[in-house]
Amino acid sequence: MNNSASEFEQLVDTIIEKNRNPEDYYEVVALLESIGWNDTRSAARFGTEDLFDLGRMIYTAIIGRGSVGGIAAQKKVSLVKMTFVLIKSFIRGTIFALPMVISVVSMLSLKISLWSYQYLSTELATSIAIATILSFITVGGFTQAIARRGYFYISQNYYNMARKMTFKFIRLGYLAAIFIMVGLFLFNMFFNFFPLYMMIIITLYYLMLCAIWLSVTVMYILQKEIYFTGLLSFGIGLVYVLFYKLKMEVILAQIIALMVVSALGLIYVVYYFRKVELKMEKGLAVKLPRMSITVYSIMPYFVYGLVYFAFLYIDRLMAWSTNDQFMPFLIWFRGEYELGLDFGLLALLIPMGINEVIVNQFALNLEYSEKSIMGSDADLFNQFYLKLYKKNFFLAIVVSILSAVFIFFLVRWLNEAIAGWGFVKLINSSRTWFVFYCSLVAYAFVSVGLLNSVTLFSLSNPAPINHAVLLGFLTNALVGFLLSRWISYEYAVIGLVLGSIVFCTFSSVYAFRTLAKLDYHIYYAS
């Protein structure tokens, strides 16, 4: 009898997890049938006349628990478990930015990273910078498509479909990269912007970086970001051995390391997909939807990836194309400008982790409470989550400000400390300091804008975010172009600052508007 009662309570819990607010016992019966219960099983386990009898018993138990109606907060969990979940979410957010930190630390200590070197000639630095920016812009849309569709299938344990869709977009990404490089080569043959040796370097770095970014995205949706951090560290170590120990040319050493890292990344992704597919339940060989349908559904996210990376890098192109000194090429790398931005990027590390925590907790709360809300309580539901999001929004603002202040003092202290240790200062130029200060402000706004972006993406509402980031891009490009030409090239960073403010402001307005009608957007997304 005790076993039967315990099993009944477990069954009630299962139904509540699926819907805390069933309309009547008929809905309970439908839920029971969806998990494999029938008249025979019900009679055998609980002695009922039929499944409807069991449905009435469970519905009565749910009402007796007081589970019907109201807005539910997230399901109660132990403090230890909640702490573990929060720490895991924070680490997941910071790990995504950790490779950037590793690259900066590597440059400070070893003078090299996987795709840069402190003492490169300006021609080589220009080539690598162009390749890096072009790689992000080229695959930005494909990485968003992979993240959107791949994670959708993975969350349902359809790893075979996730693999097929992921590698389809990876192939398209490779084809796009090759097509763009052929186009650039032909264009350069006619207009001769860069000499042949620079175009070769641009091509090699560009193709390898495109491959790496695509692999990184797959590791992210598989929640294996730490593997890329390890791969990056291994790649830097390989460059160190080839360059410092084997006395190989730094460019050749980096190209070899990039090829190894990109190949290992792809091999790992293939291996992991095959591994998890073997654990799948048999008989789940569901066909992929037609490609035209998939393209239509992910196109807004593809556009976001393309425009977002263009927004992040357009100020660099405005600064590097400013003809205020010797300019042998249309684009000329400015190390003082890049150094300021690189240090400013460190301010994103902690906010990215906090954003991950905020979005995960918000989604978990929403997933749990939407099962209990009644249509008559829609306005109360919207107000509750709008208030909750505003609280998280202001938390994100505070964290972004504190992070920027911390990096400000850390870099200033480190700059003086290194000089005291007998090394050359990291920053010696007033231009670099100016770019660094401005970038701290810009990236603080960007981090808050990204919180809005991910939140609206989780509600399948990317259109407003695309509008916001497009306005940010246009502001960045226009202001950066005018100020870099009217004053000096480092003033292109003001375009980044104002563009970030525009992006953050409009994305915030759109996020608040969406949450004010949250019930509609949940219905639309479903």
# chains A, B, ... in the order shown; residues from 1 in each chain; ligands from 1
>>> residues_around(residues="stretch 114-117 of chain A", least_positions_apart="2", cutoff="7 Å", atoms="only C-alpha atoms", output="ChimeraX atom specification")
/A:111-112,119-120,235-236,239,254,258
>>> write_last_selection(atoms="N, CA, C and O atoms", output="CSV table (one decimal), in the first residue's frame")
chain,number,residue,atom,x,y,z
A,111,LYS,N,54.7,37.6,-25.5
A,111,LYS,CA,54.8,38.5,-26.7
A,111,LYS,C,54.2,37.9,-27.9
A,111,LYS,O,54.3,38.4,-29.0
A,112,ILE,N,53.5,36.7,-27.8
A,112,ILE,CA,52.8,36.1,-28.9
A,112,ILE,C,51.5,35.6,-28.5
A,112,ILE,O,51.2,35.4,-27.3
A,119,TYR,N,56.0,42.1,-32.1
A,119,TYR,CA,57.0,42.7,-32.9
A,119,TYR,C,56.8,42.5,-34.4
A,119,TYR,O,57.7,42.6,-35.2
A,120,LEU,N,55.5,42.3,-34.8
A,120,LEU,CA,55.3,42.1,-36.2
A,120,LEU,C,55.4,43.5,-37.0
A,120,LEU,O,55.2,44.5,-36.4
A,235,GLY,N,47.4,25.7,-28.8
A,235,GLY,CA,47.9,26.4,-30.0
A,235,GLY,C,48.9,27.4,-29.7
A,235,GLY,O,49.9,27.5,-30.4
A,236,ILE,N,48.7,28.2,-28.6
A,236,ILE,CA,49.7,29.2,-28.2
A,236,ILE,C,51.0,28.5,-27.8
A,236,ILE,O,52.1,28.9,-28.1
A,239,VAL,N,52.8,27.5,-30.9
A,239,VAL,CA,53.5,28.6,-31.5
A,239,VAL,C,54.8,28.9,-30.8
A,239,VAL,O,55.9,29.2,-31.4
A,254,GLN,N,52.6,30.3,-36.6
A,254,GLN,CA,51.2,30.6,-36.4
A,254,GLN,C,50.3,29.9,-37.3
A,254,GLN,O,49.2,29.4,-37.0
A,258,LEU,N,47.5,27.3,-36.3
A,258,LEU,CA,46.1,27.6,-36.6
A,258,LEU,C,45.5,26.4,-37.3
A,258,LEU,O,44.3,26.0,-37.1
>>> residues_around(residues="A:Phe136", least_positions_apart="2", cutoff="8 Å", atoms="only C-alpha atoms", output="list in words")
Thr132, Ile133, Leu134, Thr138, Val139, Gly140, Cys210, Trp213 and Phe309 of chain A
>>> closest_residue(among="A:Ala516, A:Leu410, A:Ile201, A:Ile178", to="A:Leu124", atoms="only C-alpha atoms")
A:Ile201
>>> residues_around(residues="A:Thr122", least_positions_apart="6", cutoff="9 Å", atoms="only C-alpha atoms", output="list of chain:residue names")
A:Trp332, A:Phe333, A:Arg334, A:Gly335
>>> write_last_selection(atoms="all heavy atoms", output="JSON list (two decimals), in the first residue's frame")
[["chain", "number", "residue", "atom", "x", "y", "z"],
["A", 332, "TRP", "N", 45.62, 50.65, -42.78],
["A", 332, "TRP", "CA", 46.94, 50.61, -42.17],
["A", 332, "TRP", "C", 46.77, 50.39, -40.66],
["A", 332, "TRP", "O", 46.18, 51.22, -39.97],
["A", 332, "TRP", "CB", 47.68, 51.91, -42.45],
["A", 332, "TRP", "CG", 49.14, 51.92, -42.15],
["A", 332, "TRP", "CD1", 49.80, 52.79, -41.31],
["A", 332, "TRP", "CD2", 50.17, 51.09, -42.70],
["A", 332, "TRP", "NE1", 51.14, 52.54, -41.30],
["A", 332, "TRP", "CE2", 51.41, 51.49, -42.15],
["A", 332, "TRP", "CE3", 50.16, 50.03, -43.61],
["A", 332, "TRP", "CZ2", 52.62, 50.89, -42.46],
["A", 332, "TRP", "CZ3", 51.37, 49.41, -43.91],
["A", 332, "TRP", "CH2", 52.57, 49.85, -43.36],
["A", 333, "PHE", "N", 47.25, 49.27, -40.16],
["A", 333, "PHE", "CA", 47.06, 48.88, -38.76],
["A", 333, "PHE", "C", 47.63, 49.94, -37.81],
["A", 333, "PHE", "O", 48.75, 50.41, -37.97],
["A", 333, "PHE", "CB", 47.74, 47.54, -38.51],
["A", 333, "PHE", "CG", 47.60, 47.03, -37.10],
["A", 333, "PHE", "CD1", 46.41, 46.46, -36.68],
["A", 333, "PHE", "CD2", 48.65, 47.11, -36.21],
["A", 333, "PHE", "CE1", 46.27, 45.98, -35.39],
["A", 333, "PHE", "CE2", 48.54, 46.63, -34.92],
["A", 333, "PHE", "CZ", 47.35, 46.06, -34.51],
["A", 334, "ARG", "N", 46.84, 50.32, -36.80],
["A", 334, "ARG", "CA", 47.28, 51.28, -35.78],
["A", 334, "ARG", "C", 47.34, 50.54, -34.44],
["A", 334, "ARG", "O", 46.31, 50.30, -33.80],
["A", 334, "ARG", "CB", 46.31, 52.47, -35.67],
["A", 334, "ARG", "CG", 45.95, 53.12, -37.02],
["A", 334, "ARG", "CD", 47.16, 53.79, -37.66],
["A", 334, "ARG", "NE", 46.83, 54.33, -38.97],
["A", 334, "ARG", "CZ", 46.50, 55.59, -39.22],
["A", 334, "ARG", "NH1", 46.45, 56.45, -38.23],
["A", 334, "ARG", "NH2", 46.24, 55.99, -40.45],
["A", 335, "GLY", "N", 48.53, 50.16, -34.05],
["A", 335, "GLY", "CA", 48.71, 49.38, -32.83],
["A", 335, "GLY", "C", 48.25, 50.09, -31.58],
["A", 335, "GLY", "O", 47.73, 49.46, -30.65]]
>>> residues_around(residues="stretch 338-346 of chain A", least_positions_apart="6", cutoff="9 Å", atoms="only C-alpha atoms", output="VMD selection string")
chain A and resid 97 100 to 101 104 316 403 to 404 407 to 408 411 426 to 427 431 to 443 493
>>> atom_distance(atom1="atom CA of A:Phe191", atom2="atom CA of A:Met327")
16.2 Å
>>> atom_distance(atom1="atom CA of A:Ala125", atom2="atom CA of A:Ile226")
28.4 Å
